[in-house]
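So this block is data.pdb, PDB, C-alpha atoms:
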ATOM      1  CA  MET I   1     126.203  88.301 106.476  1.00  0.00           C
ATOM      2  CA  MET I   2     124.904  84.744 106.144  1.00  0.00           C
ATOM      3  CA  ASN I   3     125.188  84.973 102.362  1.00  0.00           C
ATOM      4  CA  ALA I   4     128.716  86.378 102.705  1.00  0.00           C
ATOM      5  CA  VAL I   5     129.770  83.412 104.855  1.00  0.00           C
ATOM      6  CA  MET I   6     128.024  80.867 102.611  1.00  0.00           C
ATOM      7  CA  HIS I   7     129.146  82.170  99.223  1.00  0.00           C
ATOM      8  CA  ARG I   8     132.635  83.565  99.855  1.00  0.00           C
ATOM      9  CA  ASP I   9     135.730  82.198  98.137  1.00  0.00           C
ATOM     10  CA  TYR I  10     137.593  80.357 100.898  1.00  0.00           C
ATOM     11  CA  GLU I  11     140.711  80.002  98.746  1.00  0.00           C
ATOM     12  CA  SER I  12     141.248  83.739  99.224  1.00  0.00           C
ATOM     13  CA  ASN I  13     142.648  85.194 102.437  1.00  0.00           C
ATOM     14  CA  THR I  14     140.593  88.386 101.990  1.00  0.00           C
ATOM     15  CA  PRO I  15     138.375  88.807 105.055  1.00  0.00           C
ATOM     16  CA  ILE I  16     134.647  89.470 104.937  1.00  0.00           C
ATOM     17  CA  ARG I  17     134.309  93.212 105.398  1.00  0.00           C
ATOM     18  CA  PHE I  18     131.391  94.778 107.220  1.00  0.00           C
ATOM     19  CA  TYR I  19     131.400  98.584 107.304  1.00  0.00           C
ATOM     20  CA  GLU I  20     128.706 100.738 108.891  1.00  0.00           C
ATOM     21  CA  PHE I  21     128.540 104.356 107.753  1.00  0.00           C
ATOM     22  CA  SER I  22     126.043 107.048 108.742  1.00  0.00           C
ATOM     23  CA  ASN I  23     123.976 106.459 105.596  1.00  0.00           C
ATOM     24  CA  ARG I  24     124.753 102.879 104.532  1.00  0.00           C
ATOM     25  CA  ILE I  25     126.134  99.463 105.416  1.00  0.00           C
ATOM     26  CA  GLU I  26     128.596  97.769 103.073  1.00  0.00           C
ATOM     27  CA  ILE I  27     129.310  94.046 103.089  1.00  0.00           C
ATOM     28  CA  MET I  28     132.098  92.728 100.897  1.00  0.00           C
ATOM     29  CA  ASN I  29     133.378  89.186 100.642  1.00  0.00           C
ATOM     30  CA  ALA I  30     135.973  87.390  98.561  1.00  0.00           C
ATOM     31  CA  GLY I  31     134.694  85.895  95.318  1.00  0.00           C
ATOM     32  CA  GLY I  32     132.431  87.417  92.714  1.00  0.00           C
ATOM     33  CA  LEU I  33     129.396  85.708  91.220  1.00  0.00           C
ATOM     34  CA  TYR I  34     130.037  81.979  90.927  1.00  0.00           C
ATOM     35  CA  GLY I  35     128.786  79.409  88.433  1.00  0.00           C
ATOM     36  CA  ASN I  36     125.505  80.118  86.638  1.00  0.00           C
ATOM     37  CA  PRO I  37     124.582  83.557  88.081  1.00  0.00           C
ATOM     38  CA  ARG I  38     125.390  86.604  85.961  1.00  0.00           C
ATOM     39  CA  PRO I  39     124.582  90.286  86.615  1.00  0.00           C
ATOM     40  CA  GLU I  40     121.663  90.050  84.175  1.00  0.00           C
ATOM     41  CA  ASN I  41     120.006  87.032  85.881  1.00  0.00           C
ATOM     42  CA  PHE I  42     120.928  87.768  89.517  1.00  0.00           C
ATOM     43  CA  PRO I  43     119.267  86.884  91.943  1.00  0.00           C
ATOM     44  CA  ASN I  44     116.918  84.598  90.003  1.00  0.00           C
ATOM     45  CA  VAL I  45     119.677  82.083  89.208  1.00  0.00           C
ATOM     46  CA  ASN I  46     122.004  80.730  91.863  1.00  0.00           C
ATOM     47  CA  ASP I  47     124.854  78.308  92.339  1.00  0.00           C
ATOM     48  CA  TYR I  48     126.874  77.194  95.355  1.00  0.00           C
ATOM     49  CA  ARG I  49     130.606  77.652  95.571  1.00  0.00           C
ATOM     50  CA  ASN I  50     130.511  75.958  98.986  1.00  0.00           C
ATOM     51  CA  PRO I  51     127.710  73.334  99.015  1.00  0.00           C
ATOM     52  CA  VAL I  52     128.953  71.698 102.242  1.00  0.00           C
ATOM     53  CA  ILE I  53     128.920  75.030 104.110  1.00  0.00           C
ATOM     54  CA  ALA I  54     125.489  75.833 102.629  1.00  0.00           C
ATOM     55  CA  GLU I  55     124.088  72.494 103.802  1.00  0.00           C
ATOM     56  CA  ALA I  56     125.659  72.881 107.267  1.00  0.00           C
ATOM     57  CA  MET I  57     124.136  76.362 107.640  1.00  0.00           C
ATOM     58  CA  LYS I  58     120.746  74.965 106.673  1.00  0.00           C
ATOM     59  CA  VAL I  59     120.976  72.050 109.128  1.00  0.00           C
ATOM     60  CA  LEU I  60     122.075  74.434 111.921  1.00  0.00           C
ATOM     61  CA  GLY I  61     119.088  76.701 111.211  1.00  0.00           C
ATOM     62  CA  TYR I  62     120.991  79.722 109.865  1.00  0.00           C
ATOM     63  CA  VAL I  63     119.290  79.319 106.479  1.00  0.00           C
ATOM     64  CA  ASN I  64     115.580  78.543 105.993  1.00  0.00           C
ATOM     65  CA  ARG I  65     115.545  77.628 102.322  1.00  0.00           C
ATOM     66  CA  PHE I  66     118.047  77.723  99.539  1.00  0.00           C
ATOM     67  CA  SER I  67     117.691  80.372  96.804  1.00  0.00           C
ATOM     68  CA  ARG I  68     115.730  82.789  99.033  1.00  0.00           C
ATOM     69  CA  GLY I  69     118.463  84.840 100.764  1.00  0.00           C
ATOM     70  CA  VAL I  70     118.609  87.877  98.468  1.00  0.00           C
ATOM     71  CA  THR I  71     114.822  87.949  98.009  1.00  0.00           C
ATOM     72  CA  ARG I  72     114.310  87.838 101.801  1.00  0.00           C
ATOM     73  CA  VAL I  73     116.844  90.638 102.276  1.00  0.00           C
ATOM     74  CA  LYS I  74     115.021  92.799  99.714  1.00  0.00           C
ATOM     75  CA  GLU I  75     111.660  92.166 101.384  1.00  0.00           C
ATOM     76  CA  THR I  76     113.039  92.878 104.863  1.00  0.00           C
ATOM     77  CA  LEU I  77     114.710  96.108 103.765  1.00  0.00           C
ATOM     78  CA  GLN I  78     111.457  97.283 102.211  1.00  0.00           C
ATOM     79  CA  GLU I  79     109.442  96.283 105.292  1.00  0.00           C
ATOM     80  CA  ASN I  80     111.716  98.180 107.675  1.00  0.00           C
ATOM     81  CA  GLY I  81     111.791 101.331 105.573  1.00  0.00           C
ATOM     82  CA  ASN I  82     115.308 101.132 104.147  1.00  0.00           C
ATOM     83  CA  GLY I  83     116.090 101.541 100.479  1.00  0.00           C
ATOM     84  CA  ALA I  84     116.899  98.686  98.130  1.00  0.00           C
ATOM     85  CA  ALA I  85     120.276  96.952  98.423  1.00  0.00           C
ATOM     86  CA  LYS I  86     122.697  97.673  95.599  1.00  0.00           C
ATOM     87  CA  PHE I  87     124.814  94.783  94.348  1.00  0.00           C
ATOM     88  CA  ASP I  88     128.111  95.816  92.755  1.00  0.00           C
ATOM     89  CA  PHE I  89     129.292  93.226  90.223  1.00  0.00           C
ATOM     90  CA  SER I  90     132.066  95.433  88.776  1.00  0.00           C
ATOM     91  CA  LYS I  91     134.697  94.164  91.227  1.00  0.00           C
ATOM     92  CA  ILE I  92     135.856  90.856  89.782  1.00  0.00           C
ATOM     93  CA  THR I  93     137.413  89.294  92.877  1.00  0.00           C
ATOM     94  CA  VAL I  94     134.835  90.388  95.473  1.00  0.00           C
ATOM     95  CA  PHE I  95     131.082  90.565  95.908  1.00  0.00           C
ATOM     96  CA  ASP I  96     129.955  93.943  97.270  1.00  0.00           C
ATOM     97  CA  VAL I  97     126.528  94.847  98.679  1.00  0.00           C
ATOM     98  CA  ILE I  98     125.560  98.361  99.748  1.00  0.00           C
ATOM     99  CA  VAL I  99     122.485  98.763 101.960  1.00  0.00           C
ATOM    100  CA  PRO I 100     121.199 102.312 102.501  1.00  0.00           C
ATOM    101  CA  ILE I 101     120.222 103.104 106.085  1.00  0.00           C
ATOM    102  CA  SER I 102     117.079 105.125 106.594  1.00  0.00           C
ATOM    103  CA  LYS I 103     116.777 107.852 109.207  1.00  0.00           C
ATOM    104  CA  HIS I 104     114.301 105.450 110.835  1.00  0.00           C
ATOM    105  CA  TYR I 105     117.174 103.070 111.591  1.00  0.00           C
ATOM    106  CA  LEU I 106     119.369 105.828 112.973  1.00  0.00           C
ATOM    107  CA  SER I 107     116.744 107.389 115.241  1.00  0.00           C
ATOM    108  CA  TYR I 108     114.318 104.578 115.888  1.00  0.00           C
ATOM    109  CA  ILE I 109     110.703 105.430 116.583  1.00  0.00           C
ATOM    110  CA  ASP I 110     108.434 102.585 117.522  1.00  0.00           C
ATOM    111  CA  PRO I 111     105.024 103.426 116.043  1.00  0.00           C
ATOM    112  CA  LEU I 112     103.390 100.982 118.426  1.00  0.00           C
ATOM    113  CA  THR I 113     104.516 102.907 121.513  1.00  0.00           C
ATOM    114  CA  ASP I 114     105.534 106.358 120.246  1.00  0.00           C
ATOM    115  CA  PRO I 115     102.977 108.747 118.779  1.00  0.00           C
ATOM    116  CA  VAL I 116     102.785 109.217 115.029  1.00  0.00           C
ATOM    117  CA  THR I 117     101.792 112.499 113.448  1.00  0.00           C
ATOM    118  CA  ASP I 118      98.207 113.086 112.428  1.00  0.00           C
ATOM    119  CA  PRO I 119      99.131 113.138 108.694  1.00  0.00           C
ATOM    120  CA  VAL I 120     100.717 109.673 108.991  1.00  0.00           C
ATOM    121  CA  ALA I 121      97.671 108.351 110.875  1.00  0.00           C
ATOM    122  CA  GLN I 122      95.388 109.736 108.125  1.00  0.00           C
ATOM    123  CA  LEU I 123      97.523 108.033 105.477  1.00  0.00           C
ATOM    124  CA  LEU I 124      97.403 104.679 107.271  1.00  0.00           C
ATOM    125  CA  ASN I 125      93.626 104.849 107.563  1.00  0.00           C
ATOM    126  CA  LEU I 126      93.374 105.458 103.806  1.00  0.00           C
ATOM    127  CA  LEU I 127      95.419 102.335 103.112  1.00  0.00           C
ATOM    128  CA  LYS I 128      93.311 100.030 105.325  1.00  0.00           C
ATOM    129  CA  ALA I 129      91.247  98.728 102.426  1.00  0.00           C
ATOM    130  CA  ASP I 130      93.657  98.650  99.498  1.00  0.00           C
ATOM    131  CA  ALA I 131      96.904  99.920  97.981  1.00  0.00           C
ATOM    132  CA  LEU I 132      96.672 103.437  96.560  1.00  0.00           C
ATOM    133  CA  SER I 133      98.867 105.695  94.446  1.00  0.00           C
ATOM    134  CA  ALA I 134     100.208 108.964  95.850  1.00  0.00           C
ATOM    135  CA  GLY I 135      97.815 110.842  93.566  1.00  0.00           C
ATOM    136  CA  GLU I 136      94.818 108.849  94.794  1.00  0.00           C
ATOM    137  CA  MET I 137      95.756 109.498  98.414  1.00  0.00           C
ATOM    138  CA  ARG I 138      96.324 113.225  97.817  1.00  0.00           C
ATOM    139  CA  SER I 139      92.960 113.469  96.095  1.00  0.00           C
ATOM    140  CA  ARG I 140      91.110 111.710  98.916  1.00  0.00           C
ATOM    141  CA  LEU I 141      92.819 113.898 101.508  1.00  0.00           C
ATOM    142  CA  GLY I 142      92.281 117.096  99.483  1.00  0.00           C
ATOM    143  CA  ILE I 143      96.001 117.922  99.306  1.00  0.00           C
ATOM    144  CA  LYS I 144      97.186 119.689  96.174  1.00  0.00           C
ATOM    145  CA  HIS I 145     100.923 120.190  96.786  1.00  0.00           C
ATOM    146  CA  ARG I 146     102.936 117.028  95.977  1.00  0.00           C
ATOM    147  CA  GLN I 147     106.089 117.951  97.908  1.00  0.00           C
ATOM    148  CA  THR I 148     104.170 118.763 101.083  1.00  0.00           C
ATOM    149  CA  PHE I 149     102.340 115.452 100.794  1.00  0.00           C
ATOM    150  CA  ARG I 150     105.572 113.492 100.343  1.00  0.00           C
ATOM    151  CA  GLU I 151     107.383 115.271 103.202  1.00  0.00           C
ATOM    152  CA  ASN I 152     104.541 115.111 105.742  1.00  0.00           C
ATOM    153  CA  TYR I 153     102.741 111.893 104.828  1.00  0.00           C
ATOM    154  CA  ILE I 154     104.651 109.420 102.648  1.00  0.00           C
ATOM    155  CA  HIS I 155     108.270 109.849 103.793  1.00  0.00           C
ATOM    156  CA  PRO I 156     107.569 109.619 107.547  1.00  0.00           C
ATOM    157  CA  ALA I 157     105.325 106.562 107.041  1.00  0.00           C
ATOM    158  CA  LEU I 158     108.008 104.868 104.901  1.00  0.00           C
ATOM    159  CA  GLN I 159     110.788 105.728 107.372  1.00  0.00           C
ATOM    160  CA  MET I 160     108.799 104.291 110.262  1.00  0.00           C
ATOM    161  CA  GLY I 161     108.208 101.099 108.284  1.00  0.00           C
ATOM    162  CA  LEU I 162     104.408 101.552 108.332  1.00  0.00           C
ATOM    163  CA  ILE I 163     103.898 101.540 104.547  1.00  0.00           C
ATOM    164  CA  MET I 164     105.804 100.203 101.569  1.00  0.00           C
ATOM    165  CA  GLN I 165     105.825 100.602  97.809  1.00  0.00           C
ATOM    166  CA  THR I 166     104.130  97.905  95.746  1.00  0.00           C
ATOM    167  CA  MET I 167     106.906  98.191  93.127  1.00  0.00           C
ATOM    168  CA  PRO I 168     110.104  98.825  95.121  1.00  0.00           C
ATOM    169  CA  ASP I 169     112.300  98.115  92.090  1.00  0.00           C
ATOM    170  CA  LYS I 170     110.600 100.977  90.218  1.00  0.00           C
ATOM    171  CA  PRO I 171     110.180 103.709  92.863  1.00  0.00           C
ATOM    172  CA  ASN I 172     109.356 106.451  90.328  1.00  0.00           C
ATOM    173  CA  SER I 173     106.904 104.463  88.205  1.00  0.00           C
ATOM    174  CA  ARG I 174     103.638 106.205  87.377  1.00  0.00           C
ATOM    175  CA  LEU I 175     101.944 102.940  88.409  1.00  0.00           C
ATOM    176  CA  GLN I 176     103.523 102.994  91.886  1.00  0.00           C
ATOM    177  CA  LYS I 177     101.186 102.380  94.792  1.00  0.00           C
ATOM    178  CA  TYR I 178     101.619 102.141  98.545  1.00  0.00           C
ATOM    179  CA  ARG I 179     100.275  99.578 100.983  1.00  0.00           C
ATOM    180  CA  LEU I 180     100.434  98.868 104.697  1.00  0.00           C
ATOM    181  CA  THR I 181     103.305  96.793 106.063  1.00  0.00           C
ATOM    182  CA  GLU I 182     102.778  94.265 108.855  1.00  0.00           C
ATOM    183  CA  ARG I 183     103.956  96.985 111.256  1.00  0.00           C
ATOM    184  CA  GLY I 184     101.348  99.378 109.816  1.00  0.00           C
ATOM    185  CA  LYS I 185      98.640  96.751 110.242  1.00  0.00           C
ATOM    186  CA  LYS I 186      99.687  96.207 113.870  1.00  0.00           C
ATOM    187  CA  PHE I 187      99.549  99.944 114.465  1.00  0.00           C
ATOM    188  CA  LEU I 188      95.948  99.960 113.183  1.00  0.00           C
ATOM    189  CA  ASN I 189      95.155  96.744 115.075  1.00  0.00           C
ATOM    190  CA  LEU I 190      94.228  94.932 111.845  1.00  0.00           C
TER     191      LEU I 190
END

Rewrite the structure from the file as structure tokens, please.
Amino acid sequence: MMNAVMHRDYESNTPIRFYEFSNRIEIMNAGGLYGNPRPENFPNVNDYRNPVIAEAMKVLGYVNRFSRGVTRVKETLQENGNGAAKFDFSKITVFDVIVPISKHYLSYIDPLTDPVTDPVAQLLNLLKADALSAGEMRSRLGIKHRQTFRENYIHPALQMGLIMQTMPDKPNSRLQKYRLTERGKKFLNL
């Protein structure tokens, strides 16, 4: 929402739209990419349509640093177990962001006060020392069936925000590994 306020086109009378659905949140604001950013270099290149508003938001404490908003959103979504935000650049006059909502968000379980299943606890203990691939974890736990492992170990731990992928932009990569989140470390008292 902060990015929507900071980067919107104030010459348009289109309101900022915030829609919450059962499986996603959509934020849309007037004005597409502005200045130097293009779909192929977003979010690594930025520009400010409203530099006075950006500076005011920084002075008031709504923004920590410039050029970090989208990266922080991606990191936060990964940490809390949601999927990656999708940025739709196809709409010329608006900027549209779709954020998938995990089941964890909809039916919140606090792993620090609510019990986790034994499979999830086993998985967390494996990841204490280092990031591991799904295959490495299955091997160490002696589990042969991939789907069972994903349904009973990986998915619940991801949904509870206890683990995260090391390559969230490439979720199906053969090099994908999983590591503890800060929440997972707190759960293990690390």

Find the residues around I:Ile16 up to 8 Å (all atoms listed in the file counted), leave out those fewer than 5 positions away in its own chain, and share them as a PDB file with C-alpha atoms, keeping the file's coordinate frame.
ATOM      1  CA  ALA I   4     128.716  86.378 102.705  1.00  0.00           C
ATOM      2  CA  VAL I   5     129.770  83.412 104.855  1.00  0.00           C
ATOM      3  CA  ILE I  27     129.310  94.046 103.089  1.00  0.00           C
ATOM      4  CA  MET I  28     132.098  92.728 100.897  1.00  0.00           C
ATOM      5  CA  ASN I  29     133.378  89.186 100.642  1.00  0.00           C
ATOM      6  CA  ALA I  30     135.973  87.390  98.561  1.00  0.00           C
TER       7      ALA I  30
END

Find the residue from I:Ala56, I:Val97, I:Leu175, I:Ala157 that sits nearest to I:Glu136; use all atoms listed in the file when measuring.
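Smallest separation from I:Glu136 among the options: I:Leu175.
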
With the file shown as input, list the residues that the PyMOL selection byres ((chain I and resi 138) around 12) selects, as an NGL selection string.
:I and (119 or 122-123 or 126 or 132-137 or 139-150 or 152-154)

Please produce an output containing C-alpha atoms for each residue in the selection, written as a PDB file, in the frame of the given file.
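Below you can see selection_7.pdb, which holds the result:
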ATOM      1  CA  PRO I 119      99.131 113.138 108.694  1.00  0.00           C
ATOM      2  CA  GLN I 122      95.388 109.736 108.125  1.00  0.00           C
ATOM      3  CA  LEU I 123      97.523 108.033 105.477  1.00  0.00           C
ATOM      4  CA  LEU I 126      93.374 105.458 103.806  1.00  0.00           C
ATOM      5  CA  LEU I 132      96.672 103.437  96.560  1.00  0.00           C
ATOM      6  CA  SER I 133      98.867 105.695  94.446  1.00  0.00           C
ATOM      7  CA  ALA I 134     100.208 108.964  95.850  1.00  0.00           C
ATOM      8  CA  GLY I 135      97.815 110.842  93.566  1.00  0.00           C
ATOM      9  CA  GLU I 136      94.818 108.849  94.794  1.00  0.00           C
ATOM     10  CA  MET I 137      95.756 109.498  98.414  1.00  0.00           C
ATOM     11  CA  SER I 139      92.960 113.469  96.095  1.00  0.00           C
ATOM     12  CA  ARG I 140      91.110 111.710  98.916  1.00  0.00           C
ATOM     13  CA  LEU I 141      92.819 113.898 101.508  1.00  0.00           C
ATOM     14  CA  GLY I 142      92.281 117.096  99.483  1.00  0.00           C
ATOM     15  CA  ILE I 143      96.001 117.922  99.306  1.00  0.00           C
ATOM     16  CA  LYS I 144      97.186 119.689  96.174  1.00  0.00           C
ATOM     17  CA  HIS I 145     100.923 120.190  96.786  1.00  0.00           C
ATOM     18  CA  ARG I 146     102.936 117.028  95.977  1.00  0.00           C
ATOM     19  CA  GLN I 147     106.089 117.951  97.908  1.00  0.00           C
ATOM     20  CA  THR I 148     104.170 118.763 101.083  1.00  0.00           C
ATOM     21  CA  PHE I 149     102.340 115.452 100.794  1.00  0.00           C
ATOM     22  CA  ARG I 150     105.572 113.492 100.343  1.00  0.00           C
ATOM     23  CA  ASN I 152     104.541 115.111 105.742  1.00  0.00           C
ATOM     24  CA  TYR I 153     102.741 111.893 104.828  1.00  0.00           C
ATOM     25  CA  ILE I 154     104.651 109.420 102.648  1.00  0.00           C
TER      26      ILE I 154
END

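What separates atom CA of I:Ala129 from atom CA of I:Arg72 is a distance of 25.5 Å.
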
Env of I:Glu55: 10 Å cut, atoms = all atoms listed in the file, seq-sep filter 6 positions within chain, self excluded. Answer as number ranges by chain.
I: 6, 61-63, 66

Gap from atom CA of I:Thr166 to atom CA of I:Thr181 - Å, one decimal:
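Distance between the two atoms: 10.4 Å.
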
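In this model, the gap between atom CA of I:Gly35 and atom CA of I:Phe95 comes to 13.6 Å.
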
Starting from the shown file, work through the PyMOL selection byres ((chain I and resi 70) around 10) and note down what comes out as number ranges by chain.
I: 3, 42-44, 67-69, 71-76, 85

Which residues, named as in the file, does the PyMOL selection byres ((chain I and resi 12) around 10) pick out? Answer as a list in words.
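What the PyMOL selection byres ((chain I and resi 12) around 10) grabs from the file is Arg8, Asp9, Tyr10, Glu11, Asn13, Thr14, Pro15, Asn29, Ala30, Gly31, Thr93 and Val94 of chain I.
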
With a distance cut-off of 7 Å and all atoms listed in the file, select the neighbouring residues of I:Gln176, excluding the residue or stretch itself and same-chain residues fewer than 3 positions from it, and output the selection as a PyMOL selection string.
chain I and resi 133+165-167+171-173

Using the incomplete input, complete stretch 118-128 of chain I to the level of all heavy atoms; output as a compact mmCIF listing (two decimals), keeping the file's coordinate frame.
# COMPACT_ATOMS: atom_id res chain seq x y z
N ASP I 118 99.55 113.21 112.97
CA ASP I 118 98.21 113.09 112.43
C ASP I 118 98.22 112.80 110.92
O ASP I 118 97.45 111.95 110.46
CB ASP I 118 97.39 114.34 112.74
CG ASP I 118 95.94 114.17 112.34
OD1 ASP I 118 95.32 113.16 112.74
OD2 ASP I 118 95.43 115.04 111.60
N PRO I 119 99.10 113.47 110.12
CA PRO I 119 99.13 113.14 108.69
C PRO I 119 99.44 111.66 108.43
O PRO I 119 98.82 111.04 107.56
CB PRO I 119 100.23 114.05 108.14
CG PRO I 119 100.25 115.21 109.06
CD PRO I 119 99.94 114.64 110.41
N VAL I 120 100.38 111.09 109.19
CA VAL I 120 100.72 109.67 108.99
C VAL I 120 99.53 108.79 109.37
O VAL I 120 99.20 107.84 108.66
CB VAL I 120 101.99 109.29 109.79
CG1 VAL I 120 102.20 107.78 109.78
CG2 VAL I 120 103.21 109.99 109.23
N ALA I 121 98.85 109.12 110.46
CA ALA I 121 97.67 108.35 110.88
C ALA I 121 96.58 108.42 109.80
O ALA I 121 95.94 107.41 109.50
CB ALA I 121 97.14 108.87 112.21
N GLN I 122 96.38 109.60 109.20
CA GLN I 122 95.39 109.74 108.12
C GLN I 122 95.76 108.85 106.94
O GLN I 122 94.90 108.18 106.35
CB GLN I 122 95.30 111.20 107.65
CG GLN I 122 94.68 112.14 108.64
CD GLN I 122 94.73 113.58 108.13
OE1 GLN I 122 94.85 113.82 106.94
NE2 GLN I 122 94.67 114.52 109.05
N LEU I 123 97.04 108.84 106.60
CA LEU I 123 97.52 108.03 105.48
C LEU I 123 97.29 106.55 105.73
O LEU I 123 96.80 105.82 104.85
CB LEU I 123 99.02 108.30 105.26
CG LEU I 123 99.67 107.64 104.07
CD1 LEU I 123 99.30 108.37 102.79
CD2 LEU I 123 101.17 107.63 104.24
N LEU I 124 97.59 106.09 106.93
CA LEU I 124 97.40 104.68 107.27
C LEU I 124 95.93 104.28 107.17
O LEU I 124 95.60 103.21 106.67
CB LEU I 124 97.93 104.40 108.67
CG LEU I 124 99.43 104.60 108.89
CD1 LEU I 124 99.80 104.34 110.34
CD2 LEU I 124 100.25 103.75 107.95
N ASN I 125 95.06 105.14 107.64
CA ASN I 125 93.63 104.85 107.56
C ASN I 125 93.14 104.75 106.12
O ASN I 125 92.27 103.95 105.82
CB ASN I 125 92.82 105.88 108.35
CG ASN I 125 92.88 105.61 109.84
OD1 ASN I 125 92.70 104.47 110.27
ND2 ASN I 125 93.18 106.62 110.62
N LEU I 126 93.74 105.55 105.23
CA LEU I 126 93.37 105.46 103.81
C LEU I 126 93.76 104.11 103.22
O LEU I 126 93.09 103.58 102.34
CB LEU I 126 94.09 106.54 103.00
CG LEU I 126 93.48 107.92 102.92
CD1 LEU I 126 94.35 108.81 102.06
CD2 LEU I 126 92.08 107.87 102.37
N LEU I 127 94.88 103.56 103.69
CA LEU I 127 95.42 102.34 103.11
C LEU I 127 94.86 101.07 103.76
O LEU I 127 95.29 99.97 103.42
CB LEU I 127 96.95 102.35 103.20
CG LEU I 127 97.64 103.43 102.38
CD1 LEU I 127 99.12 103.47 102.68
CD2 LEU I 127 97.40 103.22 100.89
N LYS I 128 93.91 101.21 104.67
CA LYS I 128 93.31 100.03 105.32
C LYS I 128 92.73 99.05 104.32
O LYS I 128 92.92 97.85 104.41
CB LYS I 128 92.18 100.46 106.26
CG LYS I 128 92.59 100.82 107.63
CD LYS I 128 91.33 101.12 108.44
CE LYS I 128 91.64 101.66 109.78
NZ LYS I 128 90.43 102.00 110.54
